[in-house]
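Pasted below: data_21.txt, compact mmCIF, C-alpha atoms and all ligand atoms.
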# COMPACT_ATOMS: atom_id res chain seq x y z
CA MET A 29 -2.84 -11.86 16.87
CA LYS A 30 0.62 -13.28 16.26
CA ALA A 31 2.75 -11.41 13.70
CA MET A 32 6.35 -11.42 12.51
CA VAL A 33 7.33 -7.75 12.58
CA LEU A 34 10.18 -5.70 11.07
CA LYS A 35 11.30 -2.84 13.34
CA LYS A 36 14.25 -1.44 11.38
CA ILE A 37 16.47 -1.90 8.32
CA SER A 38 18.64 -4.93 9.07
CA SER A 39 20.72 -7.71 7.61
CA VAL A 40 18.67 -10.79 6.76
CA LYS A 41 21.32 -12.85 8.58
CA GLU A 42 20.41 -11.12 11.86
CA LYS A 43 16.94 -12.72 11.94
CA PRO A 44 15.32 -9.29 11.69
CA LEU A 45 11.66 -10.25 12.13
CA GLU A 46 10.35 -10.45 15.67
CA LEU A 47 7.34 -12.53 16.77
CA LEU A 48 4.91 -10.19 18.55
CA ASP A 49 1.38 -10.30 19.93
CA LEU A 50 -0.59 -7.41 18.44
CA PRO A 51 -4.24 -6.33 18.55
CA ASP A 52 -6.33 -7.74 15.68
CA PRO A 53 -6.76 -5.04 12.99
CA ALA A 54 -10.29 -3.63 12.56
CA PRO A 55 -11.76 -3.25 9.07
CA GLY A 56 -12.72 0.29 8.02
CA PRO A 57 -15.64 1.09 5.69
CA GLY A 58 -15.33 -0.91 2.47
CA GLN A 59 -12.64 -3.12 3.95
CA VAL A 60 -12.61 -6.77 4.94
CA ARG A 61 -10.68 -8.36 7.77
CA VAL A 62 -9.02 -11.52 6.49
CA LYS A 63 -7.94 -14.44 8.68
CA VAL A 64 -4.67 -15.31 6.95
CA SER A 65 -3.91 -18.97 6.24
CA ALA A 66 -0.89 -18.67 3.94
CA CYS A 67 1.54 -15.98 2.88
CA GLY A 68 4.24 -16.35 0.24
CA VAL A 69 7.82 -15.23 0.80
CA CYS A 70 9.04 -12.87 -1.94
CA HIS A 71 12.38 -11.28 -2.91
CA THR A 72 10.80 -7.88 -2.33
CA GLU A 73 10.88 -8.60 1.41
CA LEU A 74 14.67 -8.88 1.16
CA ASP A 75 14.78 -5.46 -0.54
CA GLU A 76 12.60 -4.01 2.22
CA ILE A 77 14.58 -5.54 5.09
CA GLU A 78 17.96 -4.57 3.65
CA GLY A 79 16.88 -1.02 2.83
CA ARG A 80 16.86 -1.00 -0.97
CA LEU A 81 13.08 -0.48 -0.78
CA PRO A 82 12.41 0.58 2.81
CA PRO A 83 8.91 0.31 4.28
CA SER A 84 7.23 3.68 4.65
CA LYS A 85 6.88 3.21 8.42
CA PHE A 86 8.11 1.00 11.25
CA PRO A 87 7.17 -1.37 12.69
CA MET A 88 5.89 -3.07 9.53
CA ILE A 89 4.33 -6.46 8.87
CA LEU A 90 5.75 -7.62 5.53
CA GLY A 91 4.16 -10.05 3.08
CA HIS A 92 2.05 -9.55 -0.05
CA GLU A 93 1.08 -13.02 -1.33
CA ILE A 94 -1.79 -13.53 1.09
CA VAL A 95 -4.53 -16.16 1.11
CA GLY A 96 -7.19 -16.31 3.79
CA ARG A 97 -10.87 -16.10 4.59
CA VAL A 98 -13.03 -13.06 5.13
CA GLU A 99 -13.79 -12.97 8.81
CA SER A 100 -15.50 -9.68 9.30
CA PRO A 101 -16.70 -7.53 6.42
CA GLY A 102 -16.65 -3.79 7.20
CA LEU A 103 -19.46 -1.32 6.62
CA GLY A 104 -20.69 -1.18 3.02
CA VAL A 105 -18.86 -4.28 1.79
CA THR A 106 -20.80 -5.96 -1.05
CA LYS A 107 -18.30 -8.10 -2.97
CA PHE A 108 -17.46 -10.63 -0.26
CA LYS A 109 -19.18 -12.24 2.69
CA GLN A 110 -17.97 -13.95 5.82
CA GLY A 111 -16.08 -17.16 5.01
CA ASP A 112 -15.17 -16.32 1.39
CA ARG A 113 -11.65 -17.31 0.41
CA VAL A 114 -9.70 -14.34 -0.95
CA GLY A 115 -6.21 -13.40 -2.07
CA ILE A 116 -4.37 -10.13 -1.52
CA ALA A 117 -1.46 -9.03 -3.71
CA TRP A 118 1.23 -6.31 -3.75
CA ILE A 119 -1.13 -3.56 -5.00
CA ASN A 120 -3.08 -2.54 -1.91
CA TRP A 121 -4.65 0.69 -3.12
CA ALA A 122 -4.45 3.08 -6.10
CA CYS A 123 -5.91 6.59 -6.39
CA GLY A 124 -7.97 6.06 -9.54
CA GLN A 125 -7.40 9.71 -10.49
CA CYS A 126 -3.78 10.24 -11.57
CA SER A 127 -2.78 10.12 -15.24
CA PHE A 128 -1.49 6.55 -14.85
CA CYS A 129 -4.65 5.23 -13.16
CA LEU A 130 -6.77 6.86 -15.85
CA LYS A 131 -4.77 5.00 -18.52
CA GLY A 132 -5.26 1.64 -16.80
CA GLU A 133 -1.68 1.71 -15.50
CA GLU A 134 -2.44 1.69 -11.78
CA ASN A 135 0.78 -0.26 -11.26
CA LEU A 136 2.50 3.11 -11.89
CA CYS A 137 0.05 5.16 -9.76
CA ASP A 138 1.72 8.18 -8.15
CA ASN A 139 -0.18 7.65 -4.90
CA ALA A 140 -0.43 3.87 -4.70
CA LYS A 141 0.02 1.89 -1.50
CA TRP A 142 1.78 -1.45 -1.49
CA THR A 143 0.93 -4.38 0.76
CA GLY A 144 3.55 -5.07 3.40
CA LYS A 145 5.41 -1.85 2.57
CA ASP A 146 2.95 1.01 3.13
CA VAL A 147 0.28 -1.00 4.99
CA ASP A 148 0.65 -4.11 7.12
CA GLY A 149 0.76 -7.35 5.14
CA GLY A 150 0.42 -11.08 5.59
CA TYR A 151 3.15 -12.29 7.95
CA ALA A 152 0.39 -12.30 10.57
CA GLN A 153 -2.79 -14.08 11.57
CA TYR A 154 -5.01 -11.21 10.38
CA THR A 155 -4.88 -8.36 7.90
CA VAL A 156 -7.35 -5.86 6.44
CA VAL A 157 -7.79 -4.72 2.85
CA SER A 158 -10.29 -2.83 0.70
CA GLU A 159 -12.73 -5.26 -0.89
CA ASP A 160 -11.73 -3.73 -4.26
CA PHE A 161 -8.19 -5.09 -3.84
CA ALA A 162 -9.05 -8.68 -2.92
CA TYR A 163 -9.57 -11.53 -5.38
CA PRO A 164 -11.51 -14.78 -5.31
CA ILE A 165 -9.17 -17.81 -5.39
CA PRO A 166 -9.98 -20.63 -7.84
CA GLU A 167 -11.12 -23.76 -6.04
CA ARG A 168 -8.54 -26.13 -7.46
CA PHE A 169 -5.69 -24.57 -5.47
CA THR A 170 -5.00 -25.16 -1.79
CA ASP A 171 -4.25 -22.07 0.29
CA LEU A 172 -0.52 -22.86 0.22
CA GLN A 173 -0.51 -23.42 -3.54
CA ALA A 174 -2.47 -20.23 -4.21
CA ALA A 175 -0.18 -17.90 -2.24
CA PRO A 176 2.69 -17.70 -4.78
CA LEU A 177 0.21 -17.07 -7.59
CA LEU A 178 -0.51 -13.64 -6.12
CA CYS A 179 2.95 -12.13 -6.75
CA ALA A 180 5.37 -14.61 -8.30
CA GLY A 181 2.61 -15.78 -10.64
CA ALA A 182 0.81 -12.52 -11.38
CA ILE A 183 3.95 -10.47 -11.98
CA GLY A 184 5.44 -13.30 -14.00
CA TYR A 185 2.29 -13.21 -16.12
CA ARG A 186 2.71 -9.46 -16.58
CA ALA A 187 6.41 -9.87 -17.47
CA LEU A 188 5.56 -12.51 -20.07
CA LYS A 189 2.96 -10.17 -21.62
CA LEU A 190 5.52 -7.33 -21.70
CA SER A 191 8.12 -9.59 -23.34
CA GLY A 192 6.07 -9.56 -26.55
CA MET A 193 6.45 -13.32 -26.86
CA ASP A 194 4.60 -15.21 -29.58
CA ASP A 195 4.32 -18.85 -30.57
CA ASP A 196 7.24 -20.51 -32.41
CA GLN A 197 9.71 -18.32 -30.53
CA VAL A 198 12.52 -18.88 -28.07
CA LEU A 199 12.09 -17.47 -24.55
CA GLY A 200 15.04 -17.24 -22.16
CA LEU A 201 14.46 -17.28 -18.39
CA TYR A 202 17.34 -16.02 -16.23
CA GLY A 203 16.92 -17.31 -12.68
CA PHE A 204 14.50 -20.13 -11.89
CA GLY A 205 12.78 -19.42 -8.59
CA ALA A 206 9.19 -18.82 -7.54
CA SER A 207 8.21 -16.62 -10.49
CA ALA A 208 10.09 -18.34 -13.35
CA HIS A 209 8.81 -21.81 -12.43
CA ILE A 210 5.28 -20.46 -12.94
CA VAL A 211 6.14 -18.48 -16.10
CA ILE A 212 7.50 -21.58 -17.86
CA GLN A 213 4.11 -23.25 -17.28
CA ILE A 214 2.21 -20.25 -18.72
CA ALA A 215 4.56 -20.04 -21.72
CA LYS A 216 4.30 -23.76 -22.49
CA TYR A 217 0.50 -23.56 -22.33
CA LYS A 218 0.00 -20.37 -24.35
CA TYR A 219 2.78 -20.97 -26.88
CA PRO A 220 3.01 -24.76 -27.40
CA ASN A 221 5.42 -24.48 -30.34
CA SER A 222 7.88 -22.27 -28.51
CA LYS A 223 11.12 -23.22 -26.77
CA VAL A 224 12.05 -22.16 -23.26
CA PHE A 225 15.72 -21.95 -22.28
CA VAL A 226 16.53 -21.69 -18.56
CA PHE A 227 19.68 -20.13 -17.06
CA THR A 228 20.53 -20.60 -13.36
CA ARG A 229 23.53 -20.25 -11.11
CA PRO A 230 25.81 -23.23 -11.89
CA ASN A 231 25.30 -24.85 -8.46
CA GLN A 232 21.47 -24.68 -8.46
CA LYS A 233 20.91 -28.36 -9.29
CA GLU A 234 17.49 -28.47 -7.62
CA HIS A 235 16.31 -25.50 -9.68
CA GLN A 236 17.65 -27.14 -12.83
CA ASN A 237 15.88 -30.42 -12.03
CA LEU A 238 12.62 -28.53 -11.54
CA ALA A 239 13.13 -26.73 -14.88
CA GLN A 240 13.65 -30.07 -16.56
CA ASN A 241 10.49 -31.52 -14.98
CA LEU A 242 8.53 -28.50 -16.22
CA GLY A 243 9.63 -28.96 -19.82
CA ALA A 244 12.59 -26.63 -20.31
CA ASP A 245 14.10 -27.21 -23.76
CA TRP A 246 17.64 -26.33 -22.68
CA ILE A 247 19.19 -25.59 -19.30
CA GLY A 248 22.52 -23.90 -18.63
CA ALA A 249 24.44 -21.51 -16.42
CA THR A 250 23.99 -17.73 -16.55
CA GLU A 251 27.01 -17.10 -18.76
CA ASP A 252 26.49 -20.05 -21.12
CA ILE A 253 25.66 -19.56 -24.82
CA PRO A 254 22.39 -21.33 -25.69
CA PRO A 255 21.97 -23.36 -28.91
CA GLU A 256 19.70 -20.70 -30.47
CA LYS A 257 19.26 -16.94 -30.13
CA LEU A 258 16.52 -15.73 -27.77
CA ASN A 259 13.57 -13.82 -29.25
CA CYS A 260 12.78 -12.55 -25.78
CA ALA A 261 14.08 -13.04 -22.28
CA ILE A 262 12.93 -12.38 -18.73
CA ASP A 263 15.48 -11.73 -16.00
CA PHE A 264 14.26 -12.75 -12.53
CA THR A 265 17.60 -12.50 -10.74
CA PRO A 266 18.49 -9.99 -8.01
CA VAL A 267 21.84 -9.11 -9.66
CA GLY A 268 23.05 -7.11 -12.69
CA VAL A 269 25.15 -9.47 -14.82
CA PRO A 270 22.28 -11.57 -16.25
CA VAL A 271 20.84 -8.47 -17.98
CA ARG A 272 24.04 -8.18 -20.04
CA GLU A 273 24.08 -11.94 -20.66
CA ALA A 274 20.48 -11.91 -21.87
CA LEU A 275 21.22 -9.02 -24.25
CA LYS A 276 24.25 -10.92 -25.57
CA ASN A 277 22.08 -13.92 -26.47
CA LEU A 278 19.16 -11.90 -27.80
CA GLU A 279 18.05 -12.12 -31.42
CA LYS A 280 17.86 -8.86 -33.42
CA GLY A 281 14.74 -6.90 -32.49
CA GLY A 282 14.32 -8.91 -29.28
CA ARG A 283 13.42 -7.64 -25.83
CA VAL A 284 14.73 -8.31 -22.33
CA VAL A 285 12.23 -7.75 -19.50
CA ILE A 286 13.66 -7.25 -16.03
CA ASN A 287 11.33 -8.68 -13.41
CA ALA A 288 12.92 -7.21 -10.29
CA ILE A 289 11.97 -4.33 -8.05
CA ARG A 290 15.61 -3.67 -7.08
CA LYS A 291 19.03 -5.08 -8.02
CA THR A 292 21.73 -5.79 -5.43
CA THR A 293 24.57 -5.27 -7.95
CA PRO A 294 24.81 -2.88 -10.94
CA ILE A 295 24.14 -3.85 -14.55
CA PRO A 296 27.62 -3.95 -16.15
CA GLU A 297 28.57 -1.37 -18.77
CA LEU A 298 26.93 -2.30 -22.07
CA ASP A 299 28.95 -1.99 -25.26
CA TYR A 300 26.40 -0.49 -27.64
CA ALA A 301 27.37 -2.44 -30.77
CA LYS A 302 27.54 -5.78 -29.01
CA TYR A 303 24.54 -5.64 -26.67
CA LEU A 304 22.04 -3.05 -27.85
CA TRP A 305 22.27 -2.30 -31.56
CA HIS A 306 19.89 -4.07 -33.97
CA GLU A 307 16.86 -2.70 -32.17
CA LYS A 308 17.27 -4.71 -28.99
CA GLU A 309 15.16 -3.44 -26.10
CA ILE A 310 15.30 -3.48 -22.31
CA LYS A 311 12.10 -3.01 -20.32
CA SER A 312 11.47 -3.30 -16.59
CA VAL A 313 8.28 -4.58 -15.03
CA ALA A 314 6.94 -2.60 -12.10
CA ASN A 315 4.25 -3.90 -9.73
CA ILE A 316 0.94 -5.31 -10.99
CA THR A 317 -2.51 -4.01 -11.71
CA ARG A 318 -5.66 -5.60 -10.34
CA ARG A 319 -6.40 -6.66 -13.90
CA ASP A 320 -3.19 -8.72 -14.00
CA ALA A 321 -4.37 -10.71 -10.96
CA GLN A 322 -7.95 -10.95 -12.26
CA GLU A 323 -6.75 -12.32 -15.61
CA PHE A 324 -4.06 -14.57 -14.22
CA LEU A 325 -5.88 -16.42 -11.41
CA PRO A 326 -8.52 -18.05 -13.69
CA LEU A 327 -5.82 -18.78 -16.30
CA ALA A 328 -3.71 -20.47 -13.61
CA ALA A 329 -6.65 -22.75 -12.82
CA GLU A 330 -7.30 -23.47 -16.50
CA ILE A 331 -3.69 -24.44 -17.34
CA PRO A 332 -3.50 -25.69 -14.49
CA ILE A 333 -0.36 -24.24 -12.93
CA VAL A 334 1.25 -26.64 -10.46
CA PRO A 335 3.11 -24.50 -7.94
CA GLU A 336 6.09 -26.13 -6.22
CA VAL A 337 5.83 -24.99 -2.61
CA ARG A 338 8.16 -25.26 0.34
CA GLU A 339 6.28 -24.72 3.63
CA PHE A 340 7.47 -22.85 6.68
CA ARG A 341 5.68 -21.93 9.90
CA LEU A 342 5.04 -18.21 10.61
CA GLU A 343 7.73 -18.33 13.30
CA GLU A 344 10.21 -19.60 10.69
CA ALA A 345 9.92 -16.51 8.46
CA ASN A 346 13.51 -15.43 9.17
CA GLU A 347 14.84 -18.84 8.13
CA ALA A 348 12.71 -18.81 4.97
CA LEU A 349 14.03 -15.35 4.02
CA LEU A 350 17.63 -16.41 4.54
CA LEU A 351 17.17 -19.51 2.35
CA LEU A 352 15.53 -17.31 -0.28
CA LYS A 353 18.51 -14.94 -0.22
CA GLN A 354 20.86 -17.89 -0.65
CA GLY A 355 18.84 -19.05 -3.68
CA SER A 356 18.15 -22.41 -2.09
CA ILE A 357 14.35 -22.62 -2.07
CA ARG A 358 13.11 -24.90 -4.85
CA GLY A 359 9.94 -23.28 -6.23
CA ALA A 360 8.19 -20.87 -3.84
CA GLY A 361 8.53 -20.46 -0.07
CA VAL A 362 5.19 -20.08 1.73
CA LEU A 363 4.37 -19.46 5.39
CA ASP A 364 1.61 -21.72 6.72
CA ILE A 365 -0.39 -19.53 9.10
CA SER A 366 -3.42 -21.80 9.41
CA ALA A 367 -2.50 -23.18 12.87
ZN ZN B 401 6.42 -10.13 -4.50
ZN ZN B 402 -3.28 6.80 -9.39

For the file at hand, write its structure as structure tokens.
Ligand SMILES: [Zn+2]
Ligand SMILES: [Zn+2]
Amino acid sequence: MKAMVLKKISSVKEKPLELLDLPDPAPGPGQVRVKVSACGVCHTELDEIEGRLPPSKFPMILGHEIVGRVESPGLGVTKFKQGDRVGIAWINWACGQCSFCLKGEENLCDNAKWTGKDVDGGYAQYTVVSEDFAYPIPERFTDLQAAPLLCAGAIGYRALKLSGMDDDQVLGLYGFGASAHIVIQIAKYKYPNSKVFVFTRPNQKEHQNLAQNLGADWIGATEDIPPEKLNCAIDFTPVGVPVREALKNLEKGGRVVINAIRKTTPIPELDYAKYLWHEKEIKSVANITRRDAQEFLPLAAEIPIVPEVREFRLEEANEALLLLKQGSIRGAGVLDISA
């Protein structure tokens, strides 16, 4: 099979992924081999490549927003048959036995494995996964549309749940990329009387236009003061400053959720009286559970979410990652691996 492979920690500018011919992976007991047709491009790949979240082995095939079809079910597989369309997300395996798994918090599992970090992911023509960590994809989405639902969408859904948002409230979104452009659609559907304020880098006109098309009630730059206080906010950016800015604009008792696996710059010092007092909260979101994906995918079809997708070929993964780093992909970048 063809795969784009990471051999060592690198700069994204150096085109770090190499196109290689590798043997097709064989499914073990309980696993399915999936012929990949689309794989989303996520910020987490930048953290892996640049060493903030290094893969647990090299070479590694990155990519954890995978859509494809079951090609060969392994021994004992009962949930899927040949030809079924499935999705694979960041959570690749959890132990089911640690204190977190037993509480339903497998996203915090001590022994979990993550797709494209601990096991080979979707920047390839084939991948294998346990049938317990694959999900049926609702029919209304094409393969390319469905890919960003598996991380950008599912973790955005989790972040929105953790924000404690309710109807009639104001939600602030810092950064408006793959995940935020899906979250605004969930928020507008679930909380029709709410307002959504969007903050981007000042030069991100395309992102701002997309926010406007998706019904944002106010759009500004990261350090702008919005017309009303925020009851809750989600920070999707890879940097530290927006966390302080969100806290500054937060209503008393509000919560800021940080939807990032790593930050490339520190969160600035926070003056307690100005940014935290009055029962303001900061909470991070870490990974997803299978339940997040199982709840979100049918909801995405019901809403229906309209993902904005920019297509790249598998061989163009390096270019896609560089554009992602520069913040210049409108919506979600997806590799088309169907050819
Ligand atoms: Zn991701
Ligand atoms: Zn566990």

Would you list the contacts of A:Ala140 as a PDB file with C-alpha atoms, keeping the file's coordinate frame, taking every protein, DNA or RNA residue within 8 Å and counting all atoms listed in the file, but skipping same-chain residues closer than 6 positions in sequence?
ATOM      1  CA  ILE A 119      -1.130  -3.560  -5.000  1.00  0.00           C
ATOM      2  CA  ASN A 120      -3.080  -2.540  -1.910  1.00  0.00           C
ATOM      3  CA  TRP A 121      -4.650   0.690  -3.120  1.00  0.00           C
ATOM      4  CA  ALA A 122      -4.450   3.080  -6.100  1.00  0.00           C
ATOM      5  CA  CYS A 123      -5.910   6.590  -6.390  1.00  0.00           C
ATOM      6  CA  GLU A 134      -2.440   1.690 -11.780  1.00  0.00           C
TER       7      GLU A 134
END

Nearby residues, ligand ZN 401 (chain B), 12 Å, only C-alpha atoms and all ligand atoms, as a compact mmCIF listing (two decimals) with C-alpha atoms, keeping the file's coordinate frame:
# COMPACT_ATOMS: atom_id res chain seq x y z
CA CYS A 67 1.54 -15.98 2.88
CA GLY A 68 4.24 -16.35 0.24
CA VAL A 69 7.82 -15.23 0.80
CA CYS A 70 9.04 -12.87 -1.94
CA HIS A 71 12.38 -11.28 -2.91
CA THR A 72 10.80 -7.88 -2.33
CA GLU A 73 10.88 -8.60 1.41
CA LEU A 74 14.67 -8.88 1.16
CA ASP A 75 14.78 -5.46 -0.54
CA GLU A 76 12.60 -4.01 2.22
CA LEU A 90 5.75 -7.62 5.53
CA GLY A 91 4.16 -10.05 3.08
CA HIS A 92 2.05 -9.55 -0.05
CA GLU A 93 1.08 -13.02 -1.33
CA ILE A 94 -1.79 -13.53 1.09
CA ILE A 116 -4.37 -10.13 -1.52
CA ALA A 117 -1.46 -9.03 -3.71
CA TRP A 118 1.23 -6.31 -3.75
CA ILE A 119 -1.13 -3.56 -5.00
CA TRP A 142 1.78 -1.45 -1.49
CA THR A 143 0.93 -4.38 0.76
CA GLY A 144 3.55 -5.07 3.40
CA LYS A 145 5.41 -1.85 2.57
CA GLY A 149 0.76 -7.35 5.14
CA GLY A 150 0.42 -11.08 5.59
CA ALA A 175 -0.18 -17.90 -2.24
CA PRO A 176 2.69 -17.70 -4.78
CA LEU A 177 0.21 -17.07 -7.59
CA LEU A 178 -0.51 -13.64 -6.12
CA CYS A 179 2.95 -12.13 -6.75
CA ALA A 180 5.37 -14.61 -8.30
CA GLY A 181 2.61 -15.78 -10.64
CA ALA A 182 0.81 -12.52 -11.38
CA ILE A 183 3.95 -10.47 -11.98
CA GLY A 184 5.44 -13.30 -14.00
CA GLY A 205 12.78 -19.42 -8.59
CA ALA A 206 9.19 -18.82 -7.54
CA SER A 207 8.21 -16.62 -10.49
CA PHE A 264 14.26 -12.75 -12.53
CA ASN A 287 11.33 -8.68 -13.41
CA ALA A 288 12.92 -7.21 -10.29
CA ILE A 289 11.97 -4.33 -8.05
CA ARG A 290 15.61 -3.67 -7.08
CA ALA A 314 6.94 -2.60 -12.10
CA ASN A 315 4.25 -3.90 -9.73
CA ILE A 316 0.94 -5.31 -10.99
CA ALA A 360 8.19 -20.87 -3.84
CA GLY A 361 8.53 -20.46 -0.07
CA VAL A 362 5.19 -20.08 1.73

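Taking only C-alpha atoms, the non-local environment of stretch 234-242 of chain A within 9 Å (same-chain residues fewer than 5 positions away omitted) comprises Gly203, Phe204, Gly205, His209, Ile212, Gln213, Lys216, Val226, Phe227, Thr228, Ile247, Gly248, Glu336, Ser356, Ile357, Arg358 and Gly359 of chain A.
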
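With all atoms listed in the file as the basis for measurement, A:Leu130 is the residue among A:Leu103, A:Ala31, A:Leu130, A:Ile214 that approaches ligand ZN 402 (chain B) most closely.
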
Choose the residue, out of A:Glu167, A:Gly355, A:Val156, A:Val64, that has the smallest atom-to-atom separation from A:Pro230; count all atoms listed in the file.
A:Gly355

Around ligand ZN 402 (chain B), at most 10 Å away and counting only C-alpha atoms and all ligand atoms, which residues are there? Put them as a VMD selection string, please.
chain A and resid 121 to 141

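Each of A:Ala174, A:Leu47, A:Met32, A:Met88 was compared to A:Pro326 using only C-alpha atoms, and A:Ala174 turns out to be the nearest.
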
Could you give me the centre and size, in Å to one decimal, of an axis-aligned box around all listed atoms of stretch 93-107 of chain A with 5 Å added on every side, as lines of an AutoDock Vina configuration file?
center_x = -9.9
center_y = -8.7
center_z = 3.2
size_x = 31.9
size_y = 25.1
size_z = 22.3

For atom CA of A:Ala321 and atom CA of A:Tyr154, quote the distance in Å rounded to one decimal.
21.4 Å

Could you work out how far atom CA of A:Leu349 lies from atom CA of A:Gln322, giving the answer in Å with one decimal?
27.7 Å

Cut-off 12 Å around (-5.2, -28.6, -5.2) with all atoms listed in the file: residues as a PDB file with C-alpha atoms, in the coordinates of the input:
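Contents of part_22.pdb, as written:
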ATOM      1  CA  ILE A 165      -9.170 -17.810  -5.390  1.00  0.00           C
ATOM      2  CA  PRO A 166      -9.980 -20.630  -7.840  1.00  0.00           C
ATOM      3  CA  GLU A 167     -11.120 -23.760  -6.040  1.00  0.00           C
ATOM      4  CA  ARG A 168      -8.540 -26.130  -7.460  1.00  0.00           C
ATOM      5  CA  PHE A 169      -5.690 -24.570  -5.470  1.00  0.00           C
ATOM      6  CA  THR A 170      -5.000 -25.160  -1.790  1.00  0.00           C
ATOM      7  CA  ASP A 171      -4.250 -22.070   0.290  1.00  0.00           C
ATOM      8  CA  LEU A 172      -0.520 -22.860   0.220  1.00  0.00           C
ATOM      9  CA  GLN A 173      -0.510 -23.420  -3.540  1.00  0.00           C
ATOM     10  CA  ALA A 174      -2.470 -20.230  -4.210  1.00  0.00           C
ATOM     11  CA  ALA A 328      -3.710 -20.470 -13.610  1.00  0.00           C
ATOM     12  CA  ALA A 329      -6.650 -22.750 -12.820  1.00  0.00           C
ATOM     13  CA  PRO A 332      -3.500 -25.690 -14.490  1.00  0.00           C
ATOM     14  CA  ILE A 333      -0.360 -24.240 -12.930  1.00  0.00           C
ATOM     15  CA  VAL A 334       1.250 -26.640 -10.460  1.00  0.00           C
ATOM     16  CA  PRO A 335       3.110 -24.500  -7.940  1.00  0.00           C
ATOM     17  CA  GLU A 336       6.090 -26.130  -6.220  1.00  0.00           C
ATOM     18  CA  VAL A 337       5.830 -24.990  -2.610  1.00  0.00           C
TER      19      VAL A 337
END

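Between atom CA of A:Thr155 and atom CA of A:Lys107 there is a distance of 17.3 Å.
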
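Across A:Val284, A:Val114, A:Leu199, A:Leu275, the tightest approach to A:Lys302 is made by A:Leu275 when counting only C-alpha atoms.
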
Need to verify the contact set: A:Gly56, 12 Å, all atoms listed in the file, exclusion of same-chain residues closer than 6 positions in sequence. Can you return it as a ChimeraX atom specification?
/A:100-105,155-159

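Considering the residues A:Gly192, A:Pro53, A:Gly79, A:Gly111 and counting only C-alpha atoms, A:Lys30 has its shortest atom-to-atom contact with A:Pro53.
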
Looking at A:Ala348, A:Val40, A:Ala215, A:Ala162, which one is nearest to A:Tyr185, with distances taken over all atoms listed in the file?
A:Ala215

Would you list the contacts of A:Pro44 as a PDB file with C-alpha atoms, in the coordinates of the input, taking every protein, DNA or RNA residue within 10 Å and counting only C-alpha atoms, but skipping same-chain residues closer than 5 positions in sequence?
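Below you can see out-v9.pdb, which holds the result:
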ATOM      1  CA  MET A  32       6.350 -11.420  12.510  1.00  0.00           C
ATOM      2  CA  VAL A  33       7.330  -7.750  12.580  1.00  0.00           C
ATOM      3  CA  LEU A  34      10.180  -5.700  11.070  1.00  0.00           C
ATOM      4  CA  LYS A  35      11.300  -2.840  13.340  1.00  0.00           C
ATOM      5  CA  LYS A  36      14.250  -1.440  11.380  1.00  0.00           C
ATOM      6  CA  ILE A  37      16.470  -1.900   8.320  1.00  0.00           C
ATOM      7  CA  SER A  38      18.640  -4.930   9.070  1.00  0.00           C
ATOM      8  CA  SER A  39      20.720  -7.710   7.610  1.00  0.00           C
ATOM      9  CA  ILE A  77      14.580  -5.540   5.090  1.00  0.00           C
ATOM     10  CA  GLU A  78      17.960  -4.570   3.650  1.00  0.00           C
ATOM     11  CA  ALA A 345       9.920 -16.510   8.460  1.00  0.00           C
ATOM     12  CA  ASN A 346      13.510 -15.430   9.170  1.00  0.00           C
ATOM     13  CA  LEU A 349      14.030 -15.350   4.020  1.00  0.00           C
TER      14      LEU A 349
END
